[in-house]
>>> print(open('start29.cif').read())   # mmCIF, C-alpha atoms and all ligand atoms
data_start
#
loop_
_atom_site.label_atom_id
_atom_site.label_comp_id
_atom_site.auth_asym_id
_atom_site.auth_seq_id
_atom_site.Cartn_x
_atom_site.Cartn_y
_atom_site.Cartn_z
CA MET A 24 -22.49 42.06 -25.75
CA SER A 25 -24.05 44.47 -23.27
CA GLU A 26 -23.74 43.59 -19.58
CA GLN A 27 -26.84 42.34 -17.81
CA GLN A 28 -28.56 45.13 -15.90
CA LEU A 29 -28.58 44.56 -12.13
CA PHE A 30 -31.25 45.89 -9.76
CA LYS A 31 -30.71 46.48 -6.07
CA VAL A 32 -33.54 45.16 -3.90
CA THR A 33 -33.89 45.09 -0.12
CA ILE A 34 -35.99 42.31 1.40
CA ASP A 35 -36.52 42.30 5.17
CA ASN A 36 -33.53 44.70 5.50
CA ILE A 37 -31.18 42.48 3.48
CA THR A 38 -29.96 44.06 0.25
CA ILE A 39 -28.89 42.08 -2.80
CA GLU A 40 -28.42 42.69 -6.49
CA VAL A 41 -30.35 40.60 -8.98
CA PRO A 42 -30.73 40.71 -12.77
CA ALA A 43 -33.57 42.90 -14.06
CA GLY A 44 -36.69 40.79 -14.58
CA THR A 45 -36.18 38.67 -11.46
CA THR A 46 -39.32 38.25 -9.37
CA ILE A 47 -39.37 39.28 -5.70
CA LEU A 48 -39.81 35.60 -4.75
CA ASN A 49 -36.76 34.48 -6.70
CA ALA A 50 -34.72 37.39 -5.29
CA ALA A 51 -35.79 36.26 -1.79
CA ARG A 52 -34.83 32.66 -2.65
CA ARG A 53 -31.32 33.92 -3.39
CA ILE A 54 -31.16 35.24 0.17
CA GLY A 55 -32.82 32.10 1.53
CA GLY A 56 -34.10 31.19 4.98
CA ASP A 57 -37.15 32.84 6.56
CA VAL A 58 -36.90 35.85 4.23
CA THR A 59 -38.27 33.64 1.45
CA PRO A 60 -42.07 33.74 1.18
CA PRO A 61 -43.83 30.36 1.00
CA ALA A 62 -45.12 29.34 -2.43
CA MET A 63 -47.92 26.84 -2.90
CA CYS A 64 -48.59 27.33 -6.61
CA TYR A 65 -45.41 28.83 -8.12
CA TYR A 66 -42.97 26.23 -9.45
CA SER A 67 -39.86 27.59 -11.10
CA LYS A 68 -39.69 24.65 -13.55
CA LEU A 69 -43.25 25.12 -14.81
CA GLU A 70 -43.97 27.98 -17.16
CA GLY A 71 -47.03 30.03 -16.27
CA SER A 72 -47.21 28.80 -12.69
CA GLY A 73 -47.83 31.21 -9.80
CA GLY A 74 -50.40 33.87 -9.05
CA LYS A 75 -53.11 31.47 -7.84
CA CYS A 76 -52.71 30.77 -4.14
CA ARG A 77 -51.64 34.15 -2.63
CA THR A 78 -49.44 32.57 0.05
CA CYS A 79 -46.44 34.48 -1.28
CA LEU A 80 -47.93 37.96 -0.60
CA VAL A 81 -45.41 40.63 0.47
CA GLU A 82 -45.51 44.33 1.25
CA VAL A 83 -43.63 46.67 -1.08
CA SER A 84 -42.80 49.61 1.17
CA LYS A 85 -40.78 51.43 -1.52
CA GLY A 86 -41.58 50.92 -5.20
CA SER A 87 -38.20 51.91 -6.63
CA GLU A 88 -35.47 54.53 -6.46
CA LYS A 89 -37.21 56.62 -9.15
CA ASP A 90 -40.71 56.26 -7.68
CA PRO A 91 -40.39 55.56 -3.96
CA ARG A 92 -44.13 55.41 -3.29
CA PRO A 93 -45.18 52.19 -1.55
CA MET A 94 -47.50 49.83 -3.42
CA PRO A 95 -51.03 50.32 -2.08
CA LYS A 96 -51.79 46.61 -1.64
CA LEU A 97 -49.84 43.50 -0.80
CA VAL A 98 -48.49 41.90 -3.98
CA ALA A 99 -47.92 38.29 -5.05
CA SER A 100 -44.12 38.04 -4.93
CA CYS A 101 -44.03 35.17 -7.46
CA ARG A 102 -45.54 37.43 -10.13
CA THR A 103 -44.03 40.83 -9.30
CA THR A 104 -40.62 41.71 -10.69
CA VAL A 105 -38.13 43.77 -8.72
CA MET A 106 -37.34 47.41 -9.56
CA ASP A 107 -34.06 49.16 -8.81
CA GLY A 108 -34.08 50.37 -5.19
CA MET A 109 -37.24 48.45 -4.27
CA GLU A 110 -37.81 47.71 -0.58
CA VAL A 111 -39.87 44.68 0.37
CA LYS A 112 -41.13 43.42 3.69
CA ASN A 113 -41.98 39.79 4.26
CA ILE A 114 -41.69 38.52 7.84
CA THR A 115 -40.99 42.05 9.08
CA SER A 116 -44.47 43.19 8.01
CA PRO A 117 -47.35 42.52 10.46
CA LYS A 118 -49.73 43.10 7.50
CA VAL A 119 -48.13 40.23 5.56
CA VAL A 120 -48.15 37.87 8.54
CA ASP A 121 -51.82 38.66 9.10
CA ALA A 122 -52.74 38.27 5.41
CA ARG A 123 -50.90 34.95 5.19
CA ALA A 124 -52.83 33.67 8.20
CA GLY A 125 -56.02 34.68 6.34
CA VAL A 126 -54.90 32.84 3.18
CA VAL A 127 -54.16 29.72 5.23
CA GLU A 128 -57.61 29.97 6.80
CA PHE A 129 -59.16 30.15 3.33
CA LEU A 130 -57.10 27.22 2.04
CA LEU A 131 -58.21 25.16 5.01
CA LEU A 132 -61.92 26.02 4.68
CA ASN A 133 -62.59 22.90 2.67
CA HIS A 134 -59.36 21.01 3.12
CA PRO A 135 -59.98 17.95 5.32
CA LEU A 136 -57.82 17.68 8.43
CA ASP A 137 -56.94 14.08 7.66
CA CYS A 138 -53.15 14.40 8.07
CA PRO A 139 -53.08 11.30 10.34
CA VAL A 140 -54.16 9.12 7.41
CA CYS A 141 -52.83 11.20 4.50
CA ASP A 142 -49.79 9.87 2.62
CA GLN A 143 -48.47 13.42 2.13
CA ALA A 144 -48.14 14.01 5.88
CA GLY A 145 -44.58 14.91 6.79
CA GLU A 146 -43.85 16.43 3.37
CA CYS A 147 -47.01 18.51 2.86
CA HIS A 148 -46.49 22.22 2.23
CA LEU A 149 -49.97 23.05 3.50
CA GLN A 150 -49.27 21.16 6.71
CA ASP A 151 -46.10 23.24 7.24
CA LEU A 152 -47.91 26.45 6.32
CA SER A 153 -50.78 25.83 8.72
CA PHE A 154 -48.32 24.88 11.44
CA GLU A 155 -46.61 28.25 10.99
CA HIS A 156 -49.63 30.47 10.31
CA GLY A 157 -52.79 28.55 11.10
CA LYS A 158 -55.13 28.74 14.04
CA SER A 159 -56.10 25.78 16.17
CA GLY A 160 -59.82 26.34 15.65
CA THR A 161 -62.06 27.06 12.68
CA ARG A 162 -64.74 29.72 12.17
CA TYR A 163 -66.37 27.77 9.36
CA GLU A 164 -69.82 26.51 10.21
CA PHE A 165 -71.07 25.08 6.93
CA GLN A 166 -70.86 21.68 5.37
CA ARG A 167 -67.52 21.13 3.68
CA ARG A 168 -67.23 20.73 -0.07
CA THR A 169 -67.20 17.15 -1.36
CA PHE A 170 -66.88 15.66 -4.84
CA PRO A 171 -67.89 12.46 -6.59
CA LYS A 172 -64.87 10.12 -6.77
CA VAL A 173 -62.77 10.31 -9.94
CA ASP A 174 -60.63 7.28 -10.76
CA LEU A 175 -57.34 8.22 -12.45
CA GLY A 176 -56.12 4.63 -12.94
CA ASP A 177 -53.98 2.17 -11.01
CA LYS A 178 -50.98 4.45 -10.39
CA ILE A 179 -52.25 7.85 -9.22
CA GLN A 180 -54.80 8.46 -6.50
CA LEU A 181 -56.83 11.67 -6.57
CA HIS A 182 -58.34 13.06 -3.37
CA MET A 183 -60.14 16.07 -4.72
CA THR A 184 -61.18 17.37 -1.29
CA ARG A 185 -57.48 17.99 -0.52
CA CYS A 186 -56.78 19.92 -3.75
CA ILE A 187 -56.00 23.63 -3.42
CA LEU A 188 -56.33 24.27 -7.18
CA CYS A 189 -52.75 25.39 -7.65
CA TYR A 190 -52.70 24.23 -11.33
CA ARG A 191 -49.22 22.71 -11.00
CA CYS A 192 -50.39 19.25 -12.11
CA VAL A 193 -52.09 20.75 -15.15
CA PHE A 194 -48.88 22.56 -16.21
CA THR A 195 -46.90 19.35 -15.57
CA ALA A 196 -49.19 17.32 -17.83
CA ASN A 197 -48.88 19.96 -20.54
CA GLN A 198 -45.20 20.73 -20.31
CA VAL A 199 -43.54 17.58 -18.92
CA ALA A 200 -45.78 14.66 -19.89
CA GLU A 201 -46.88 16.51 -23.04
CA VAL A 202 -50.17 14.60 -22.83
CA ARG A 203 -52.95 16.16 -20.85
CA ASP A 204 -55.97 14.05 -20.03
CA HIS A 205 -57.01 16.02 -16.96
CA GLY A 206 -57.69 19.62 -16.12
CA ILE A 207 -59.71 21.89 -13.88
CA LEU A 208 -63.42 21.61 -14.59
CA ASP A 209 -66.15 23.99 -13.46
CA ARG A 210 -65.74 27.27 -11.63
CA GLY A 211 -65.77 28.78 -8.15
CA ASP A 212 -66.25 26.30 -5.33
CA HIS A 213 -67.30 23.64 -7.85
CA ALA A 214 -63.89 23.79 -9.57
CA GLN A 215 -62.24 20.41 -9.53
CA ILE A 216 -59.44 18.32 -11.01
CA ALA A 217 -61.00 15.70 -13.27
CA THR A 218 -60.69 13.95 -16.62
CA PHE A 219 -64.25 14.85 -17.70
CA ILE A 220 -64.96 11.44 -19.25
CA GLN A 221 -63.43 8.94 -16.80
CA LYS A 222 -59.96 8.25 -18.10
CA ASN A 223 -56.73 6.82 -16.71
CA LEU A 224 -53.68 9.05 -16.45
CA ASN A 225 -51.02 6.79 -17.92
CA SER A 226 -48.73 8.78 -20.20
CA ASP A 227 -44.97 8.19 -19.70
CA PHE A 228 -44.18 11.15 -17.44
CA ILE A 229 -47.51 11.76 -15.76
CA GLY A 230 -46.24 10.36 -12.42
CA ASN A 231 -44.47 13.71 -11.94
CA VAL A 232 -47.81 15.27 -11.00
CA ILE A 233 -47.41 13.44 -7.67
CA ASP A 234 -44.11 15.22 -7.01
CA VAL A 235 -45.40 18.70 -7.86
CA CYS A 236 -48.68 18.48 -5.91
CA PRO A 237 -48.06 20.57 -2.77
CA VAL A 238 -50.73 18.68 -0.80
CA GLY A 239 -51.98 15.09 -0.69
CA ALA A 240 -54.46 15.47 -3.55
CA LEU A 241 -52.34 13.37 -5.93
CA THR A 242 -50.51 10.47 -4.33
CA ASP A 243 -48.73 7.32 -5.46
CA LYS A 244 -51.07 4.30 -5.41
CA THR A 245 -48.10 1.91 -5.28
CA PHE A 246 -47.03 3.49 -1.96
CA ARG A 247 -50.44 4.33 -0.52
CA PHE A 248 -50.84 3.47 3.17
CA LYS A 249 -47.69 1.32 3.07
CA ASN A 250 -45.62 3.48 5.39
CA ARG A 251 -45.23 6.92 6.92
CA VAL A 252 -42.48 8.84 5.11
CA TRP A 253 -40.60 9.55 8.32
CA PHE A 254 -40.21 5.82 9.00
CA THR A 255 -38.50 5.33 5.65
CA LYS A 256 -34.94 6.28 4.83
CA PRO A 257 -34.36 8.30 1.65
CA VAL A 258 -31.30 7.34 -0.40
CA ASP A 259 -30.07 8.78 -3.69
CA ALA A 260 -29.87 6.23 -6.49
CA HIS A 261 -29.71 6.07 -10.27
CA ARG A 262 -30.16 3.65 -13.15
CA ASN A 263 -29.57 3.73 -16.88
CA CYS A 264 -33.08 4.48 -17.96
CA SER A 265 -33.75 3.76 -21.62
CA ASN A 266 -36.19 6.68 -21.86
CA PRO A 267 -34.09 9.60 -23.21
CA LYS A 268 -36.24 12.20 -21.42
CA CYS A 269 -35.86 10.52 -18.01
CA CYS A 270 -32.83 11.53 -15.95
CA GLY A 271 -32.83 8.17 -14.08
CA GLU A 272 -31.68 9.95 -10.88
CA VAL A 273 -34.10 9.36 -8.04
CA GLN A 274 -34.66 9.12 -4.36
CA LEU A 275 -35.54 5.68 -3.04
CA TRP A 276 -37.59 5.64 0.14
CA MET A 277 -36.43 2.49 1.86
CA ARG A 278 -36.88 0.41 4.93
CA GLY A 279 -34.13 -2.13 5.26
CA ASP A 280 -33.63 -3.48 1.74
CA GLU A 281 -37.17 -2.83 0.67
CA VAL A 282 -37.91 0.02 -1.74
CA PHE A 283 -41.27 1.47 -0.71
CA ARG A 284 -41.40 4.46 -2.99
CA VAL A 285 -39.44 6.11 -5.81
CA THR A 286 -39.58 9.88 -6.32
CA ALA A 287 -37.63 12.54 -8.17
CA ARG A 288 -35.02 14.39 -6.09
CA LYS A 289 -36.17 17.69 -4.61
CA ASP A 290 -34.32 20.92 -3.85
CA GLU A 291 -34.66 23.09 -0.75
CA TRP A 292 -37.88 24.65 -2.11
CA GLY A 293 -39.48 21.25 -2.56
CA GLU A 294 -39.14 21.43 -6.35
CA VAL A 295 -37.73 18.68 -8.59
CA LYS A 296 -33.97 19.25 -8.77
CA GLU A 297 -31.83 19.51 -11.87
CA ALA A 298 -30.09 16.26 -12.80
CA SER A 299 -26.31 16.00 -12.35
CA ASN A 300 -25.76 16.57 -16.10
CA GLY A 301 -27.67 19.86 -15.94
CA ASN A 302 -30.84 18.46 -17.58
CA THR A 303 -34.23 18.51 -15.92
CA GLY A 304 -34.73 16.04 -13.08
CA TRP A 305 -38.15 14.65 -14.09
CA ILE A 306 -38.45 10.86 -14.00
CA CYS A 307 -40.51 8.45 -16.09
CA ASN A 308 -43.33 6.22 -14.86
CA GLU A 309 -41.25 3.06 -15.29
CA CYS A 310 -38.58 4.32 -12.84
CA ARG A 311 -41.21 5.62 -10.43
CA PHE A 312 -43.75 2.82 -10.34
CA ASP A 313 -42.11 -0.35 -11.67
CA LYS A 314 -38.56 -0.36 -10.33
CA LYS A 315 -39.11 -1.30 -6.70
CA ASP A 316 -36.27 -3.80 -6.47
CA ILE A 317 -32.99 -2.68 -4.94
CA ALA A 318 -31.16 -4.62 -7.72
CA ASP A 319 -32.63 -2.20 -10.29
CA TRP A 320 -30.65 0.70 -8.82
CA THR A 321 -27.11 1.86 -8.13
CA ILE A 322 -27.19 3.36 -4.65
CA GLU A 323 -25.22 6.60 -4.22
CA GLY A 324 -25.80 7.08 -0.48
CA PRO A 325 -28.21 8.65 2.00
CA SER A 326 -30.01 11.77 0.75
CA LYS A 327 -29.36 15.08 2.47
CA VAL A 328 -32.47 15.89 4.46
CA ASN A 329 -33.26 19.28 5.96
CA ARG A 330 -32.67 19.09 9.71
CA HIS A 331 -36.05 20.74 10.32
CA SER A 332 -37.96 18.15 8.33
CA VAL A 333 -39.74 15.39 10.20
CA ILE A 334 -38.12 13.02 7.70
CA SER A 335 -34.72 13.75 9.27
CA GLN A 336 -35.78 11.75 12.34
CA GLY A 337 -35.05 8.55 10.40
CA HIS A 338 -31.80 9.85 8.98
CA TYR A 339 -28.64 9.37 10.94
CA VAL A 340 -25.54 10.41 9.00
CA GLY A 341 -24.23 13.84 10.06
CA LEU A 342 -26.64 14.01 12.98
CA HIS A 343 -25.77 16.56 15.67
CA LYS A 344 -26.95 15.47 19.07
CA SER A 345 -27.44 17.74 22.04
CA ASN A 346 -25.34 17.17 25.16
CA GLU A 347 -26.61 14.38 27.35
CA THR A 348 -27.80 15.95 30.61
CA PHE A 349 -29.18 12.81 32.22
CA GLY A 350 -26.15 12.31 34.47
CA ALA A 351 -26.19 15.91 35.75
CA VAL A 352 -29.88 15.77 36.53
CA MET A 353 -29.67 12.31 38.15
CA TYR A 354 -26.62 13.12 40.36
CA GLY A 355 -24.22 11.13 38.20
CA GLN A 356 -26.33 8.00 37.95
CA LYS A 357 -26.25 6.19 34.61
CA PRO A 358 -29.53 5.08 33.08
CA GLN A 359 -30.12 1.36 32.58
CA LEU A 360 -31.38 1.89 29.08
CA LEU A 361 -31.55 5.06 27.03
CA MET A 362 -33.81 4.72 24.02
CA ASP A 363 -31.06 5.94 21.76
CA ILE A 364 -30.54 3.89 18.63
CA HIS A 365 -27.86 6.26 17.32
CA THR A 366 -25.18 4.61 19.41
CA ILE A 367 -25.27 1.19 20.90
CA SER A 368 -28.51 0.11 22.44
CA GLU A 369 -30.79 -2.82 22.89
CA VAL A 370 -31.99 -2.41 19.32
CA ASN A 371 -28.96 -2.69 17.04
CA LYS A 372 -26.10 -5.15 17.30
CA THR A 373 -23.33 -4.03 19.70
CA ASN A 374 -20.71 -3.69 16.95
CA ILE A 375 -22.96 -1.60 14.69
CA GLU A 376 -23.23 2.14 14.99
CA LEU A 377 -26.23 3.23 12.98
CA SER A 378 -25.04 6.83 12.75
CA SER A 379 -21.99 5.79 10.71
CA LEU A 380 -23.75 3.57 8.18
CA ASP A 381 -23.40 4.97 4.67
CA ARG A 382 -26.16 2.71 3.42
CA PRO A 383 -29.69 1.93 4.50
CA ALA A 384 -29.92 0.01 7.76
CA HIS A 385 -30.58 -3.68 7.13
CA SER A 386 -32.37 -6.22 9.27
CA THR A 387 -28.98 -7.90 9.94
CA ASP A 388 -27.83 -4.68 11.70
CA PHE A 389 -30.45 -5.21 14.37
CA LYS A 390 -30.68 -7.85 17.04
S1 LIG A 401 -54.27 18.15 -7.58
FE1 LIG A 401 -52.48 18.99 -6.45
S2 LIG A 401 -51.15 19.83 -8.08
FE2 LIG A 401 -53.21 19.54 -8.99
S3 LIG A 401 -54.23 21.53 -8.74
FE3 LIG A 401 -54.80 20.25 -6.96
S4 LIG A 401 -53.30 20.79 -5.37
FE4 LIG A 401 -52.48 21.52 -7.32
S1 LIG A 402 -46.92 31.21 -4.98
FE1 LIG A 402 -47.43 33.25 -5.51
S2 LIG A 402 -49.56 33.23 -5.69
FE2 LIG A 402 -49.08 31.13 -5.25
#
>>> encode(input="start29.cif", output="C-alpha cells", more="lines below")
Ligand code: SF4
Ligand code: FES
Amino acid sequence: MSEQQLFKVTIDNITIEVPAGTTILNAARRIGGDVTPPAMCYYSKLEGSGGKCRTCLVEVSKGSEKDPRPMPKLVASCRTTVMDGMEVKNITSPKVVDARAGVVEFLLLNHPLDCPVCDQAGECHLQDLSFEHGKSGTRYEFQRRTFPKVDLGDKIQLHMTRCILCYRCVFTANQVAEVRDHGILDRGDHAQIATFIQKNLNSDFIGNVIDVCPVGALTDKTFRFKNRVWFTKPVDAHRNCSNPKCCGEVQLWMRGDEVFRVTARKDEWGEVKEASNGNTGWICNECRFDKKDIADWTIEGPSKVNRHSVISQGHYVGLHKSNETFGAVMYGQKPQLLMDIHTISEVNKTNIELSSLDRPAHSTDFK
C-alpha cells in the first residue's frame, strides 16, 4: 500500500505536516490554541457543513511551494485544503482580524442582545466571538428582523431571531436523526428555520440539533429558564440505553442531586465527542429529555471543563488558585470571612472541602 502523502503547512509561523486533503482549519486544529480559527458553521461530524458563516477566514500568504503566489482574497479555512509549502496567517494577519470583526458585526445585525435571558449564555459561540471581536456599539439604524413564532413541539424551543443560518441543524436532522421535518425556508433576509406546515420535531435523535446549534436558536424546553449553566455542575455519566444508535454517554448538568439538563459530551471545539468505544457520541431523545433522575445514571465523575469557560466557576476539582495576597496588603491581618467556598467557610460544613469532592456537591455538604 502506498504511504499517505504529507503536506507541510505553516500557520501563524508554526509548521506542521498533515495528510493531503486536510483543510486549513483542521490543520490549525492539530496545532490548537489561538492559531485555530473560530468556526460557527463547520462541524467535523456533519458532512457538507462549513462555508456559510465566514468566521473562519484566513489569509494565504503563500499558495504552495510550486506556486508561491499569495491568494488574492481571504479564504474560508474550513473549505480550503492545504497545499505543500502553503503559508497561512490567522491571528498574525491584521486583514483577518479586521474581516472577522466585520463578520461578527454582520452576524449581530439582527441577532438580539438577549444574553441575560438566553439559555445558551455561557456556552454560546457567538457570545465568545463577539467578546473577542465585537464592538460595544452598533451602526445599524433600522428595525431588526423578526419572524412569526414557529412551534417545534414540547421538547425543542426555536428562537428564530437568534439563528445565524449555519445549517448545522438541517444536516443533523438529515444525517443523525435521518428524519427531517424542518429546513431553511425563503431566501435572503427572509430565510428562516421552519417546518413549513406547523409540525413537531419528535424523531428519536432530533434533540441533537440543540447540541449543534452554535447560538441559542434551538434550546431544550425541559431546561428552559430553570438555571444558568454556570450555576450547574457538569458530571460525566452513562446508562445502558436500549437504542442501538445511542451511545448512552452523556453530561449531566446538576445542582445537588437534581439533574437539570442532559447533553451529549463535547470536545474542545464544542463538537459532540466520540463515545468511549469509538462510535459517534450522539444521544437519543429518551436519554436527553426523559432521564432526569440521578438513579437512571451511573456517575463517572466531574467533567473536565476548560479553565477559560465561565462554566468552570462552578467546578472545583483540579482548581488552581492564585496566591492569597490579603495578608500582605492588610499588614498581616486575617480577614473575618473570606467568601471562599473552596476551602472551609461559612457555607459548607467544616469537615467538607468542596475542592476534593469527586461527586456533585449535595445539600448535606452545606450548613
Ligand atoms: S437554528 Fe441554530 S443550528 Fe439551525 S441554522 Fe440556525 S443557528 Fe444554525
Ligand atoms: S466555519 Fe468556515 S465558513 Fe463557517
>>> residues_near_ligand(input="start29.cif", ligand="ligand LIG 402 (chain A)", cutoff="7 Å", atoms="all atoms listed in the file", output="MDAnalysis selection string")
chainID A and resid 61:65 73:80 99:102
>>> residues_near_ligand(input="start29.cif", ligand="ligand LIG 401 (chain A)", cutoff="8 Å", atoms="all atoms listed in the file", output="CSV table (one decimal) with C-alpha atoms, in the frame of the given file")
chain,number,residue,atom,x,y,z
A,64,CYS,CA,-48.6,27.3,-6.6
A,181,LEU,CA,-56.8,11.7,-6.6
A,182,HIS,CA,-58.3,13.1,-3.4
A,183,MET,CA,-60.1,16.1,-4.7
A,185,ARG,CA,-57.5,18.0,-0.5
A,186,CYS,CA,-56.8,19.9,-3.8
A,187,ILE,CA,-56.0,23.6,-3.4
A,188,LEU,CA,-56.3,24.3,-7.2
A,189,CYS,CA,-52.8,25.4,-7.6
A,190,TYR,CA,-52.7,24.2,-11.3
A,191,ARG,CA,-49.2,22.7,-11.0
A,192,CYS,CA,-50.4,19.2,-12.1
A,193,VAL,CA,-52.1,20.8,-15.2
A,207,ILE,CA,-59.7,21.9,-13.9
A,215,GLN,CA,-62.2,20.4,-9.5
A,216,ILE,CA,-59.4,18.3,-11.0
A,232,VAL,CA,-47.8,15.3,-11.0
A,233,ILE,CA,-47.4,13.4,-7.7
A,235,VAL,CA,-45.4,18.7,-7.9
A,236,CYS,CA,-48.7,18.5,-5.9
A,237,PRO,CA,-48.1,20.6,-2.8
A,238,VAL,CA,-50.7,18.7,-0.8
A,239,GLY,CA,-52.0,15.1,-0.7
A,240,ALA,CA,-54.5,15.5,-3.6
A,241,LEU,CA,-52.3,13.4,-5.9
>>> closest_residue(input="start29.cif", among="A:Lys178, A:His148, A:Lys268, A:His261", to="Ser299 in chain A", atoms="only C-alpha atoms")
A:His261
>>> closest_residue(input="start29.cif", among="A:Asp381, A:Asp227, A:Asp316, A:Asp137", to="Arg203 in chain A", atoms="all atoms listed in the file")
A:Asp227
>>> closest_residue(input="start29.cif", among="A:Ala260, A:Val173, A:Met277, A:Val252", to="Leu224 in chain A", atoms="all atoms listed in the file")
A:Val173
>>> closest_residue(input="start29.cif", among="A:Ser379, A:Ser265, A:Gln27, A:Thr104", to="Ala51 in chain A", atoms="only C-alpha atoms")
A:Thr104
>>> closest_residue(input="start29.cif", among="A:Asn223, A:Thr286, A:Ser326, A:Thr303", to="Lys256 in chain A", atoms="all atoms listed in the file")
A:Ser326
>>> atom_distance(input="start29.cif", atom1="CA of Ile39 in chain A", atom2="CA of Ala122 in chain A")
25.5 Å
>>> atom_distance(input="start29.cif", atom1="CA of Ala318 in chain A", atom2="CA of Glu146 in chain A")
27.0 Å
>>> residues_around(input="start29.cif", residues="Gln198 in chain A", least_positions_apart="2", cutoff="12 Å", atoms="all atoms listed in the file", output="ChimeraX atom specification")
/A:68-72,191-196,200-203,228-229,231-232,305
>>> residues_around(input="start29.cif", residues="Glu164 in chain A", least_positions_apart="4", cutoff="12 Å", atoms="only C-alpha atoms", output="list in words")
Leu132, Asn133 and Gly160 of chain A
>>> atom_distance(input="start29.cif", atom1="CA of Ser84 in chain A", atom2="CA of Glu128 in chain A")
25.2 Å
>>> closest_residue(input="start29.cif", among="A:Asp280, A:Glu294, A:Asp151, A:Asp234", to="Arg382 in chain A", atoms="only C-alpha atoms")
A:Asp280
>>> residues_around(input="start29.cif", residues="Met109 in chain A", least_positions_apart="5", cutoff="12 Å", atoms="all atoms listed in the file", output="ChimeraX atom specification")
/A:30-41,43,46-47,50,82-94,103-104
